[in-house]
>>> print(open('structure_22.pdb').read())   # PDB, C-alpha atoms
ATOM      1  CA  MET A 109    -174.300  -8.048 -97.898
ATOM      2  CA  TRP A 110    -171.438 -10.166 -99.165
ATOM      3  CA  ALA A 111    -168.655  -8.433-101.044
ATOM      4  CA  ALA A 112    -168.152  -9.258-104.694
ATOM      5  CA  LYS A 113    -165.734 -12.150-105.015
ATOM      6  CA  VAL A 114    -162.415 -11.568-106.761
ATOM      7  CA  ASP A 115    -161.814 -14.256-109.371
ATOM      8  CA  PRO A 116    -158.093 -15.115-109.229
ATOM      9  CA  ARG A 117    -158.200 -15.768-112.965
ATOM     10  CA  GLU A 118    -159.237 -12.156-113.563
ATOM     11  CA  LEU A 119    -157.027 -10.470-110.991
ATOM     12  CA  GLY A 120    -155.511  -7.802-113.218
ATOM     13  CA  GLU A 121    -153.858  -5.190-110.975
ATOM     14  CA  THR A 122    -156.264  -5.728-108.054
ATOM     15  CA  VAL A 123    -154.164  -5.688-104.877
ATOM     16  CA  LEU A 124    -154.640  -8.529-102.406
ATOM     17  CA  LEU A 125    -152.635  -9.112 -99.249
ATOM     18  CA  THR A 126    -151.664 -12.413 -97.655
ATOM     19  CA  ASP A 127    -150.275 -13.280 -94.250
ATOM     20  CA  GLY A 128    -146.586 -13.666 -93.435
ATOM     21  CA  GLY A 129    -144.686 -16.739 -92.291
ATOM     22  CA  LEU A 130    -147.201 -18.830 -90.335
ATOM     23  CA  GLU A 131    -144.933 -21.628 -89.183
ATOM     24  CA  THR A 132    -141.897 -19.458 -88.433
ATOM     25  CA  SER A 133    -144.083 -17.049 -86.458
ATOM     26  CA  LEU A 134    -145.585 -19.841 -84.377
ATOM     27  CA  VAL A 135    -142.230 -21.487 -83.684
ATOM     28  CA  PHE A 136    -139.856 -18.558 -83.272
ATOM     29  CA  LEU A 137    -142.138 -15.757 -82.051
ATOM     30  CA  ASP A 138    -144.731 -17.720 -80.064
ATOM     31  CA  GLY A 139    -142.467 -20.507 -78.847
ATOM     32  CA  MET A 140    -144.740 -23.281 -80.071
ATOM     33  CA  GLU A 141    -143.588 -26.741 -81.019
ATOM     34  CA  LEU A 142    -144.646 -27.780 -84.513
ATOM     35  CA  PRO A 143    -143.489 -31.347 -85.209
ATOM     36  CA  GLY A 144    -142.596 -31.651 -88.866
ATOM     37  CA  PHE A 145    -143.076 -27.869 -89.156
ATOM     38  CA  ALA A 146    -146.775 -28.673 -89.595
ATOM     39  CA  ALA A 147    -149.487 -26.235 -88.501
ATOM     40  CA  PHE A 148    -152.520 -28.284 -89.537
ATOM     41  CA  PRO A 149    -152.713 -30.290 -86.259
ATOM     42  CA  LEU A 150    -153.668 -27.000 -84.546
ATOM     43  CA  LEU A 151    -157.094 -27.451 -86.152
ATOM     44  CA  ASP A 152    -157.699 -30.408 -83.837
ATOM     45  CA  ASP A 153    -158.044 -28.553 -80.527
ATOM     46  CA  ALA A 154    -159.626 -25.377 -79.210
ATOM     47  CA  SER A 155    -156.380 -23.710 -78.165
ATOM     48  CA  GLY A 156    -154.857 -24.387 -81.582
ATOM     49  CA  LEU A 157    -157.872 -22.910 -83.350
ATOM     50  CA  THR A 158    -157.672 -19.810 -81.157
ATOM     51  CA  ARG A 159    -154.001 -19.390 -81.984
ATOM     52  CA  LEU A 160    -154.685 -19.670 -85.710
ATOM     53  CA  ASP A 161    -157.535 -17.159 -85.441
ATOM     54  CA  ASP A 162    -155.358 -14.686 -83.544
ATOM     55  CA  TYR A 163    -152.596 -15.068 -86.112
ATOM     56  CA  PHE A 164    -154.725 -14.562 -89.222
ATOM     57  CA  ARG A 165    -156.888 -11.779 -87.782
ATOM     58  CA  GLN A 166    -153.789  -9.580 -87.478
ATOM     59  CA  TYR A 167    -153.343  -9.714 -91.248
ATOM     60  CA  LEU A 168    -157.027  -9.494 -92.096
ATOM     61  CA  ASP A 169    -157.155  -6.329 -89.991
ATOM     62  CA  ILE A 170    -154.192  -4.842 -91.875
ATOM     63  CA  ALA A 171    -155.920  -5.531 -95.200
ATOM     64  CA  GLU A 172    -159.203  -4.055 -93.974
ATOM     65  CA  ARG A 173    -157.499  -0.888 -92.719
ATOM     66  CA  ASN A 174    -155.790  -0.474 -96.081
ATOM     67  CA  GLY A 175    -158.949  -1.087 -98.105
ATOM     68  CA  VAL A 176    -157.676  -4.124-100.004
ATOM     69  CA  GLY A 177    -158.712  -7.752-100.315
ATOM     70  CA  PHE A 178    -157.085 -10.776 -98.758
ATOM     71  CA  VAL A 179    -156.076 -14.304 -99.723
ATOM     72  CA  LEU A 180    -156.803 -16.355 -96.595
ATOM     73  CA  ASP A 181    -154.715 -19.511 -96.527
ATOM     74  CA  THR A 182    -155.580 -22.799 -94.890
ATOM     75  CA  PRO A 183    -152.765 -24.020 -92.568
ATOM     76  CA  THR A 184    -152.371 -27.179 -94.657
ATOM     77  CA  TRP A 185    -148.925 -26.866 -96.243
ATOM     78  CA  ARG A 186    -147.935 -30.185 -94.632
ATOM     79  CA  ALA A 187    -151.355 -31.897 -94.801
ATOM     80  CA  ASN A 188    -150.445 -34.475 -97.429
ATOM     81  CA  LEU A 189    -150.097 -38.253 -97.226
ATOM     82  CA  ASP A 190    -146.385 -38.519 -96.407
ATOM     83  CA  TRP A 191    -146.316 -35.826 -93.744
ATOM     84  CA  GLY A 192    -149.673 -36.961 -92.405
ATOM     85  CA  GLU A 193    -148.339 -40.484 -91.877
ATOM     86  CA  LYS A 194    -145.295 -39.125 -90.018
ATOM     87  CA  LEU A 195    -147.588 -37.125 -87.733
ATOM     88  CA  GLY A 196    -150.120 -39.885 -87.089
ATOM     89  CA  TYR A 197    -152.850 -38.807 -89.519
ATOM     90  CA  PRO A 198    -154.133 -41.592 -91.807
ATOM     91  CA  ARG A 199    -155.719 -40.824 -95.159
ATOM     92  CA  GLU A 200    -159.281 -40.413 -93.875
ATOM     93  CA  ALA A 201    -158.176 -38.092 -91.069
ATOM     94  CA  LEU A 202    -156.268 -35.936 -93.549
ATOM     95  CA  ALA A 203    -159.324 -35.589 -95.787
ATOM     96  CA  SER A 204    -161.329 -34.458 -92.775
ATOM     97  CA  ILE A 205    -158.768 -31.947 -91.571
ATOM     98  CA  ASN A 206    -158.287 -30.459 -95.049
ATOM     99  CA  SER A 207    -162.047 -29.971 -95.321
ATOM    100  CA  ARG A 208    -162.275 -28.500 -91.835
ATOM    101  CA  ALA A 209    -159.446 -26.113 -92.638
ATOM    102  CA  VAL A 210    -161.535 -24.594 -95.433
ATOM    103  CA  LEU A 211    -164.660 -24.358 -93.293
ATOM    104  CA  HIS A 212    -162.718 -22.749 -90.457
ATOM    105  CA  ALA A 213    -161.182 -20.182 -92.815
ATOM    106  CA  ARG A 214    -164.625 -19.395 -94.209
ATOM    107  CA  THR A 215    -165.966 -18.760 -90.707
ATOM    108  CA  LEU A 216    -162.973 -16.555 -89.881
ATOM    109  CA  ALA A 217    -163.454 -14.555 -93.084
ATOM    110  CA  GLU A 218    -167.206 -14.026 -92.719
ATOM    111  CA  PRO A 219    -167.224 -10.863 -90.537
ATOM    112  CA  TYR A 220    -164.774  -9.165 -92.878
ATOM    113  CA  VAL A 221    -166.763 -10.158 -95.960
ATOM    114  CA  VAL A 222    -169.993  -8.893 -94.385
ATOM    115  CA  ARG A 223    -168.263  -5.521 -93.886
ATOM    116  CA  GLY A 224    -167.470  -5.425 -97.608
ATOM    117  CA  MET A 225    -163.985  -6.892 -97.863
ATOM    118  CA  ALA A 226    -163.063  -9.379-100.588
ATOM    119  CA  VAL A 227    -161.583 -12.522 -99.027
ATOM    120  CA  LEU A 228    -160.563 -15.573-101.034
ATOM    121  CA  VAL A 229    -160.356 -18.825 -99.051
ATOM    122  CA  ASN A 230    -157.268 -20.522-100.409
ATOM    123  CA  GLY A 231    -156.523 -24.229 -99.937
ATOM    124  CA  VAL A 232    -152.750 -24.516 -99.533
ATOM    125  CA  ILE A 233    -150.784 -27.475-100.866
ATOM    126  CA  GLY A 234    -147.106 -27.977-100.139
ATOM    127  CA  PRO A 235    -144.555 -30.271-101.742
ATOM    128  CA  ARG A 236    -144.620 -33.980-101.027
ATOM    129  CA  GLY A 237    -141.097 -33.805 -99.675
ATOM    130  CA  ASP A 238    -138.876 -31.042 -98.367
ATOM    131  CA  GLY A 239    -139.692 -27.469 -99.328
ATOM    132  CA  TYR A 240    -136.067 -26.591 -99.995
ATOM    133  CA  ARG A 241    -134.900 -29.736-101.797
ATOM    134  CA  PRO A 242    -136.419 -31.536-104.794
ATOM    135  CA  ASP A 243    -136.642 -34.941-103.157
ATOM    136  CA  ALA A 244    -139.423 -37.527-103.475
ATOM    137  CA  LEU A 245    -139.417 -36.803-107.223
ATOM    138  CA  MET A 246    -142.536 -37.840-109.126
ATOM    139  CA  THR A 247    -143.756 -37.960-112.687
ATOM    140  CA  ILE A 248    -146.632 -35.648-113.611
ATOM    141  CA  CYS A 249    -149.142 -38.496-113.362
ATOM    142  CA  GLU A 250    -147.758 -39.622-110.007
ATOM    143  CA  ALA A 251    -147.979 -36.062-108.659
ATOM    144  CA  GLU A 252    -151.560 -35.663-109.871
ATOM    145  CA  ASP A 253    -152.576 -38.907-108.192
ATOM    146  CA  TYR A 254    -150.664 -38.118-105.001
ATOM    147  CA  HIS A 255    -152.203 -34.678-104.450
ATOM    148  CA  CYS A 256    -155.743 -35.411-105.687
ATOM    149  CA  ASP A 257    -157.084 -36.239-102.186
ATOM    150  CA  GLN A 258    -156.154 -32.822-100.831
ATOM    151  CA  VAL A 259    -157.425 -31.006-103.916
ATOM    152  CA  THR A 260    -160.732 -32.901-103.756
ATOM    153  CA  ALA A 261    -161.153 -32.142-100.048
ATOM    154  CA  PHE A 262    -160.680 -28.438-100.747
ATOM    155  CA  ARG A 263    -163.211 -28.516-103.588
ATOM    156  CA  ASN A 264    -165.787 -30.418-101.559
ATOM    157  CA  ALA A 265    -165.461 -27.965 -98.663
ATOM    158  CA  GLY A 266    -165.998 -24.965-100.933
ATOM    159  CA  ALA A 267    -162.551 -23.373-101.237
ATOM    160  CA  ASP A 268    -162.391 -20.445-103.657
ATOM    161  CA  MET A 269    -159.005 -21.497-105.022
ATOM    162  CA  ILE A 270    -155.943 -23.584-104.262
ATOM    163  CA  SER A 271    -152.283 -22.647-104.217
ATOM    164  CA  ALA A 272    -149.361 -25.021-104.570
ATOM    165  CA  VAL A 273    -146.563 -23.235-102.719
ATOM    166  CA  THR A 274    -142.830 -23.768-102.315
ATOM    167  CA  MET A 275    -142.775 -25.860-105.470
ATOM    168  CA  ASN A 276    -139.172 -26.762-106.240
ATOM    169  CA  TYR A 277    -139.465 -28.753-109.474
ATOM    170  CA  THR A 278    -141.917 -28.601-112.325
ATOM    171  CA  ASN A 279    -143.408 -32.113-112.521
ATOM    172  CA  GLU A 280    -145.029 -31.805-109.119
ATOM    173  CA  ALA A 281    -146.425 -28.371-110.007
ATOM    174  CA  VAL A 282    -147.880 -29.704-113.257
ATOM    175  CA  GLY A 283    -149.415 -32.692-111.462
ATOM    176  CA  ILE A 284    -151.147 -30.453-108.922
ATOM    177  CA  ALA A 285    -152.386 -28.231-111.749
ATOM    178  CA  CYS A 286    -153.890 -31.274-113.453
ATOM    179  CA  ALA A 287    -155.587 -32.342-110.216
ATOM    180  CA  ALA A 288    -157.075 -28.855-109.796
ATOM    181  CA  MET A 289    -158.279 -28.838-113.398
ATOM    182  CA  SER A 290    -160.010 -32.182-112.867
ATOM    183  CA  VAL A 291    -162.180 -30.750-110.075
ATOM    184  CA  GLY A 292    -162.653 -27.289-111.599
ATOM    185  CA  LEU A 293    -160.854 -25.213-108.963
ATOM    186  CA  PRO A 294    -158.841 -22.070-109.841
ATOM    187  CA  LEU A 295    -155.166 -22.747-109.216
ATOM    188  CA  VAL A 296    -152.027 -20.781-108.371
ATOM    189  CA  ILE A 297    -148.515 -22.197-108.650
ATOM    190  CA  SER A 298    -145.808 -20.645-106.479
ATOM    191  CA  PHE A 299    -142.169 -21.566-107.042
ATOM    192  CA  THR A 300    -139.288 -21.121-104.653
ATOM    193  CA  VAL A 301    -135.818 -20.220-105.893
ATOM    194  CA  GLU A 302    -132.266 -20.322-104.613
ATOM    195  CA  THR A 303    -129.965 -17.300-104.285
ATOM    196  CA  ASP A 304    -129.196 -17.552-108.030
ATOM    197  CA  GLY A 305    -132.868 -17.156-108.956
ATOM    198  CA  ARG A 306    -133.197 -20.763-110.134
ATOM    199  CA  LEU A 307    -135.402 -23.476-108.690
ATOM    200  CA  PRO A 308    -133.663 -25.969-106.364
ATOM    201  CA  SER A 309    -133.962 -28.430-109.265
ATOM    202  CA  GLY A 310    -131.740 -26.151-111.358
ATOM    203  CA  GLU A 311    -134.567 -25.067-113.663
ATOM    204  CA  SER A 312    -134.921 -21.372-114.378
ATOM    205  CA  LEU A 313    -138.103 -19.542-113.440
ATOM    206  CA  GLN A 314    -138.779 -18.986-117.115
ATOM    207  CA  GLU A 315    -138.391 -22.691-117.887
ATOM    208  CA  ALA A 316    -140.636 -23.672-114.977
ATOM    209  CA  ILE A 317    -143.459 -21.257-115.763
ATOM    210  CA  GLU A 318    -143.404 -21.960-119.485
ATOM    211  CA  LEU A 319    -143.359 -25.726-118.941
ATOM    212  CA  VAL A 320    -146.349 -25.634-116.567
ATOM    213  CA  ASP A 321    -148.271 -23.443-118.999
ATOM    214  CA  ASP A 322    -147.364 -25.661-121.954
ATOM    215  CA  GLU A 323    -148.352 -28.869-120.158
ATOM    216  CA  THR A 324    -151.666 -27.477-118.855
ATOM    217  CA  ASP A 325    -152.719 -25.083-121.639
ATOM    218  CA  GLY A 326    -152.160 -22.161-119.271
ATOM    219  CA  ALA A 327    -154.374 -23.559-116.507
ATOM    220  CA  PRO A 328    -152.911 -21.635-113.520
ATOM    221  CA  ALA A 329    -154.707 -18.386-112.779
ATOM    222  CA  TYR A 330    -151.267 -16.942-112.126
ATOM    223  CA  PHE A 331    -147.845 -17.802-110.756
ATOM    224  CA  MET A 332    -146.100 -16.601-107.611
ATOM    225  CA  ILE A 333    -142.647 -16.661-106.060
ATOM    226  CA  ASN A 334    -142.381 -17.546-102.383
ATOM    227  CA  CYS A 335    -139.824 -18.541 -99.755
ATOM    228  CA  ALA A 336    -136.979 -16.485-101.250
ATOM    229  CA  HIS A 337    -135.735 -12.952-100.633
ATOM    230  CA  PRO A 338    -136.322 -10.455-103.475
ATOM    231  CA  SER A 339    -132.560 -10.073-103.904
ATOM    232  CA  HIS A 340    -132.507 -13.708-105.017
ATOM    233  CA  PHE A 341    -134.769 -13.209-108.030
ATOM    234  CA  GLU A 342    -134.909  -9.490-108.868
ATOM    235  CA  GLU A 343    -132.245  -9.804-111.537
ATOM    236  CA  VAL A 344    -133.809 -12.749-113.377
ATOM    237  CA  LEU A 345    -137.083 -10.963-114.095
ATOM    238  CA  GLY A 346    -136.969  -9.335-117.509
ATOM    239  CA  ASP A 347    -139.296  -6.756-119.001
ATOM    240  CA  ASN A 348    -142.449  -7.498-120.983
ATOM    241  CA  ALA A 349    -141.742 -11.211-121.402
ATOM    242  CA  ARG A 350    -144.918 -13.268-121.397
ATOM    243  CA  TRP A 351    -143.646 -15.552-118.644
ATOM    244  CA  VAL A 352    -142.900 -12.582-116.379
ATOM    245  CA  ASN A 353    -146.417 -11.254-116.944
ATOM    246  CA  ARG A 354    -147.737 -14.557-115.588
ATOM    247  CA  ILE A 355    -146.225 -13.755-112.150
ATOM    248  CA  ARG A 356    -148.924 -12.000-110.126
ATOM    249  CA  GLY A 357    -147.729 -12.519-106.582
ATOM    250  CA  VAL A 358    -144.683 -12.473-104.312
ATOM    251  CA  ARG A 359    -144.397 -13.869-100.800
ATOM    252  CA  ALA A 360    -140.794 -13.222 -99.919
ATOM    253  CA  ASN A 361    -138.662 -14.335 -97.003
ATOM    254  CA  ALA A 362    -137.480 -11.747 -94.506
ATOM    255  CA  SER A 363    -133.903 -13.001 -94.635
ATOM    256  CA  THR A 364    -131.373 -12.808 -97.451
ATOM    257  CA  LYS A 365    -129.905 -16.148 -96.318
ATOM    258  CA  SER A 366    -129.908 -19.207 -98.545
ATOM    259  CA  HIS A 367    -132.246 -22.127 -97.964
ATOM    260  CA  ALA A 368    -129.357 -24.170 -96.570
ATOM    261  CA  GLU A 369    -128.544 -21.437 -94.055
ATOM    262  CA  LEU A 370    -132.182 -21.058 -93.037
ATOM    263  CA  ASP A 371    -132.509 -24.809 -92.600
ATOM    264  CA  GLU A 372    -129.734 -24.767 -90.012
ATOM    265  CA  ALA A 373    -130.838 -21.585 -88.233
ATOM    266  CA  THR A 374    -131.766 -21.814 -84.559
ATOM    267  CA  GLU A 375    -132.891 -18.182 -84.343
ATOM    268  CA  LEU A 376    -135.214 -16.170 -86.534
ATOM    269  CA  ASP A 377    -133.660 -13.690 -88.950
ATOM    270  CA  PRO A 378    -136.286 -10.932 -89.355
ATOM    271  CA  GLY A 379    -134.217  -9.028 -91.912
ATOM    272  CA  ASP A 380    -135.159  -5.397 -92.483
ATOM    273  CA  PRO A 381    -138.923  -4.825 -92.859
ATOM    274  CA  ALA A 382    -138.468  -1.315 -94.285
ATOM    275  CA  ASP A 383    -135.997  -2.560 -96.891
ATOM    276  CA  LEU A 384    -138.353  -5.384 -97.809
ATOM    277  CA  GLY A 385    -141.139  -2.846 -98.280
ATOM    278  CA  ARG A 386    -138.936  -0.768-100.574
ATOM    279  CA  ARG A 387    -138.074  -3.836-102.647
ATOM    280  CA  TYR A 388    -141.772  -4.631-103.045
ATOM    281  CA  ARG A 389    -142.394  -1.041-104.106
ATOM    282  CA  ALA A 390    -139.630  -1.316-106.712
ATOM    283  CA  MET A 391    -141.239  -4.501-108.037
ATOM    284  CA  ARG A 392    -144.649  -2.831-108.145
ATOM    285  CA  ASP A 393    -143.208   0.188-109.971
ATOM    286  CA  ARG A 394    -141.645  -2.090-112.569
ATOM    287  CA  TYR A 395    -144.341  -4.765-112.725
ATOM    288  CA  LYS A 396    -147.801  -3.370-112.013
ATOM    289  CA  HIS A 397    -149.300  -6.834-112.448
ATOM    290  CA  ILE A 398    -147.517  -8.133-109.308
ATOM    291  CA  SER A 399    -150.406  -7.409-106.991
ATOM    292  CA  VAL A 400    -150.691 -10.306-104.513
ATOM    293  CA  LEU A 401    -148.383  -9.161-101.747
ATOM    294  CA  GLY A 402    -147.390 -11.082 -98.635
ATOM    295  CA  GLY A 403    -144.606 -12.798 -96.775
ATOM    296  CA  CYS A 404    -143.072 -16.165 -96.124
ATOM    297  CA  CYS A 405    -140.437 -17.444 -93.685
ATOM    298  CA  GLY A 406    -139.419 -14.934 -91.032
ATOM    299  CA  THR A 407    -142.014 -12.317 -91.920
ATOM    300  CA  ASP A 408    -144.701 -11.082 -89.552
ATOM    301  CA  CYS A 409    -147.059  -8.114 -89.229
ATOM    302  CA  ARG A 410    -144.146  -5.667 -89.237
ATOM    303  CA  HIS A 411    -143.180  -6.766 -92.726
ATOM    304  CA  ILE A 412    -146.711  -6.728 -94.126
ATOM    305  CA  LYS A 413    -147.290  -3.248 -92.659
ATOM    306  CA  ALA A 414    -144.027  -2.065 -94.250
ATOM    307  CA  ILE A 415    -145.112  -3.499 -97.598
ATOM    308  CA  CYS A 416    -148.447  -1.673 -97.312
ATOM    309  CA  GLU A 417    -146.764   1.594 -96.375
ATOM    310  CA  ALA A 418    -144.442   1.313 -99.348
ATOM    311  CA  CYS A 419    -146.878   0.041-101.963
ATOM    312  CA  LEU A 420    -150.399   1.243-101.153
TER     313      LEU A 420
END
>>> encode(input="structure_22.pdb", output="structure tokens")
Amino acid sequence: MWAAKVDPRELGETVLLTDGGLETSLVFLDGMELPGFAAFPLLDDASGLTRLDDYFRQYLDIAERNGVGFVLDTPTWRANLDWGEKLGYPREALASINSRAVLHARTLAEPYVVRGMAVLVNGVIGPRGDGYRPDALMTICEAEDYHCDQVTAFRNAGADMISAVTMNYTNEAVGIACAAMSVGLPLVISFTVETDGRLPSGESLQEAIELVDDETDGAPAYFMINCAHPSHFEEVLGDNARWVNRIRGVRANASTKSHAELDEATELDPGDPADLGRRYRAMRDRYKHISVLGGCCGTDCRHIKAICEACL
């Protein structure tokens, strides 16, 4: 018996977990080499698939033990045209690997779903350029055209939703939203911010969320913040503002360091998992609608367990 599916557009205060920092865990904890910081090539061989399964099962198990649902990401943050070309994947190969990523996630999720757990298979889209810097700037139309292949591959393979993560300027986020609307897939937009709580482009979170909503008639199911420590954005979130109520998820970094510092780091900064859990609890106490809880760079099972202990 398959569990009832959670519609991301009707999330309310339903708690869903995510994983932590996939790429940082593979590189710094497992000692793997990921050229271009790309995990999607692991889908091309048996050992890579096993490693991805082992990684995600840890988090699925945490969610199952805590009686909550899970947003299961595809490892496709870098699986776009520019990064694919750098890594030797032409356009047709990228379409195939994006589709296979969804099918693999569905297979991984199936035993948990059969046991009654809600799992959303989430096609992940990253920025065209660097995650920390707004380079390779595009117009909205250019961004829609650029990302449409990946969005279409996710739709054709049966993804439940897509998430554009580590977005660092608004035009690209709007373009991805338009591409998702064109194929009828629920969409989440996740922005990253600097230590001052503003996007790397200089836009405020409020400006970014309101602009995306204005340009798309409120198309995103919800917004998230990822790849920043809570101390970087806690102070910019006000109370009861409509734009704040559109933020349903947080996937924070373990470290309080800036993006520039993290970019130059040769060792992982795991931060303080217990403190991170307390910060999530404070956010949940203040904003009950922030209910998609997970991690980003530097986080692992310790952090997700701490978040569960503090919040659930």
>>> atom_distance(input="structure_22.pdb", atom1="CA of Ser290 (chain A)", atom2="CA of Val259 (chain A)")
9.4 Å
>>> axis_aligned_box(input="structure_22.pdb", around="region 218-236 of chain A", padding_each_side="3 Å", output="AutoDock Vina command-line options")
--center_x -157.3 --center_y -19.7 --center_z -96.1 --size_x 31.4 --size_y 34.6 --size_z 17.2
>>> closest_residue(input="structure_22.pdb", among="A:Val344, A:Met391, A:Val282, A:Met332", to="Leu319 (chain A)", atoms="all atoms listed in the file")
A:Val282
>>> resolve_selection(input="structure_22.pdb", expression="the PyMOL selection byres ((chain A and resi 329-331) around 8)", output="PyMOL selection string")
chain A and resi 116-118+294-299+317+326-328+332-333+354-357
>>> closest_residue(input="structure_22.pdb", among="A:Gln166, A:Thr182, A:Asn348, A:Thr278", to="Ile248 (chain A)", atoms="only C-alpha atoms")
A:Thr278
>>> resolve_selection(input="structure_22.pdb", expression="the PyMOL selection byres ((chain A and resi 241) around 8)", output="ChimeraX atom specification")
/A:237-240,242-243,276,308-309
>>> closest_residue(input="structure_22.pdb", among="A:Met140, A:Leu119, A:Ala171, A:Ile398", to="Glu417 (chain A)", atoms="only C-alpha atoms")
A:Ala171
>>> atom_distance(input="structure_22.pdb", atom1="CA of Gly156 (chain A)", atom2="CA of Val210 (chain A)")
15.4 Å
>>> residues_around(input="structure_22.pdb", residues="region 229-231 of chain A", least_positions_apart="6", cutoff="9 Å", atoms="all atoms listed in the file", output="list in words")
Phe178, Val179, Leu180, Asp181, Thr182, Pro183, Thr184, Trp185, Asn206, Ala209, Val210, Ala213, Arg214, Ala217, Gln258, Val259, Phe262, Arg263, Gly266, Ala267, Asp268, Met269, Ile270, Ser271 and Ala272 of chain A
>>> residues_around(input="structure_22.pdb", residues="His255 (chain A)", least_positions_apart="2", cutoff="12 Å", atoms="only C-alpha atoms", output="CSV table (one decimal) with C-alpha atoms, in the frame of the given file")
chain,number,residue,atom,x,y,z
A,185,TRP,CA,-148.9,-26.9,-96.2
A,186,ARG,CA,-147.9,-30.2,-94.6
A,187,ALA,CA,-151.4,-31.9,-94.8
A,188,ASN,CA,-150.4,-34.5,-97.4
A,189,LEU,CA,-150.1,-38.3,-97.2
A,190,ASP,CA,-146.4,-38.5,-96.4
A,199,ARG,CA,-155.7,-40.8,-95.2
A,202,LEU,CA,-156.3,-35.9,-93.5
A,203,ALA,CA,-159.3,-35.6,-95.8
A,206,ASN,CA,-158.3,-30.5,-95.0
A,232,VAL,CA,-152.8,-24.5,-99.5
A,233,ILE,CA,-150.8,-27.5,-100.9
A,234,GLY,CA,-147.1,-28.0,-100.1
A,235,PRO,CA,-144.6,-30.3,-101.7
A,236,ARG,CA,-144.6,-34.0,-101.0
A,246,MET,CA,-142.5,-37.8,-109.1
A,248,ILE,CA,-146.6,-35.6,-113.6
A,249,CYS,CA,-149.1,-38.5,-113.4
A,250,GLU,CA,-147.8,-39.6,-110.0
A,251,ALA,CA,-148.0,-36.1,-108.7
A,252,GLU,CA,-151.6,-35.7,-109.9
A,253,ASP,CA,-152.6,-38.9,-108.2
A,257,ASP,CA,-157.1,-36.2,-102.2
A,258,GLN,CA,-156.2,-32.8,-100.8
A,259,VAL,CA,-157.4,-31.0,-103.9
A,260,THR,CA,-160.7,-32.9,-103.8
A,261,ALA,CA,-161.2,-32.1,-100.0
A,262,PHE,CA,-160.7,-28.4,-100.7
A,270,ILE,CA,-155.9,-23.6,-104.3
A,272,ALA,CA,-149.4,-25.0,-104.6
A,280,GLU,CA,-145.0,-31.8,-109.1
A,281,ALA,CA,-146.4,-28.4,-110.0
A,282,VAL,CA,-147.9,-29.7,-113.3
A,283,GLY,CA,-149.4,-32.7,-111.5
A,284,ILE,CA,-151.1,-30.5,-108.9
A,285,ALA,CA,-152.4,-28.2,-111.7
A,286,CYS,CA,-153.9,-31.3,-113.5
A,287,ALA,CA,-155.6,-32.3,-110.2
A,288,ALA,CA,-157.1,-28.9,-109.8
A,290,SER,CA,-160.0,-32.2,-112.9
>>> atom_distance(input="structure_22.pdb", atom1="CA of Pro198 (chain A)", atom2="CA of Pro149 (chain A)")
12.7 Å
>>> resolve_selection(input="structure_22.pdb", expression="the PyMOL selection byres ((chain A and resi 313) around 10)", output="PyMOL selection string")
chain A and resi 278+299-301+305-307+310-312+314-319+333+341+344-345+351-352
>>> closest_residue(input="structure_22.pdb", among="A:Glu372, A:Lys413, A:Glu343, A:Val320", to="Asp169 (chain A)", atoms="all atoms listed in the file")
A:Lys413
>>> closest_residue(input="structure_22.pdb", among="A:Asp383, A:Asp393, A:Asp162, A:Asp347", to="Ile415 (chain A)", atoms="all atoms listed in the file")
A:Asp383
>>> closest_residue(input="structure_22.pdb", among="A:Tyr388, A:Glu375, A:Ala382, A:Val176", to="Arg359 (chain A)", atoms="all atoms listed in the file")
A:Tyr388
>>> residues_around(input="structure_22.pdb", residues="Thr407 (chain A)", least_positions_apart="5", cutoff="6 Å", atoms="only C-alpha atoms", output="list in words")
Gly128, Gly129 and Ala362 of chain A
>>> residues_around(input="structure_22.pdb", residues="Asp152 (chain A)", least_positions_apart="5", cutoff="12 Å", atoms="all atoms listed in the file", output="JSON list (two decimals) with C-alpha atoms, in the frame of the given file")
[["chain", "number", "residue", "atom", "x", "y", "z"],
["A", 147, "ALA", "CA", -149.49, -26.24, -88.50],
["A", 157, "LEU", "CA", -157.87, -22.91, -83.35],
["A", 158, "THR", "CA", -157.67, -19.81, -81.16],
["A", 159, "ARG", "CA", -154.00, -19.39, -81.98],
["A", 160, "LEU", "CA", -154.68, -19.67, -85.71],
["A", 183, "PRO", "CA", -152.76, -24.02, -92.57],
["A", 197, "TYR", "CA", -152.85, -38.81, -89.52],
["A", 201, "ALA", "CA", -158.18, -38.09, -91.07],
["A", 202, "LEU", "CA", -156.27, -35.94, -93.55],
["A", 204, "SER", "CA", -161.33, -34.46, -92.78],
["A", 205, "ILE", "CA", -158.77, -31.95, -91.57],
["A", 206, "ASN", "CA", -158.29, -30.46, -95.05],
["A", 208, "ARG", "CA", -162.28, -28.50, -91.84],
["A", 209, "ALA", "CA", -159.45, -26.11, -92.64],
["A", 212, "HIS", "CA", -162.72, -22.75, -90.46]]
>>> decode(input="structure_22.pdb", residues="region 120-124 of chain A", atoms="N, CA and C atoms", output="tab-separated table (two decimals), in the first residue's frame")
chain	number	residue	atom	x	y	z
A	120	GLY	N	1.60	23.12	4.22
A	120	GLY	CA	1.17	23.58	5.54
A	120	GLY	C	2.30	23.44	6.53
A	121	GLU	N	2.03	22.82	7.69
A	121	GLU	CA	3.07	22.62	8.71
A	121	GLU	C	3.56	21.17	8.74
A	122	THR	N	3.27	20.41	7.69
A	122	THR	CA	3.75	19.03	7.60
A	122	THR	C	5.27	19.01	7.58
A	123	VAL	N	5.88	18.27	8.49
A	123	VAL	CA	7.34	18.23	8.58
A	123	VAL	C	7.89	17.18	7.62
A	124	LEU	N	8.86	17.61	6.83
A	124	LEU	CA	9.60	16.72	5.93
A	124	LEU	C	11.09	16.95	6.18
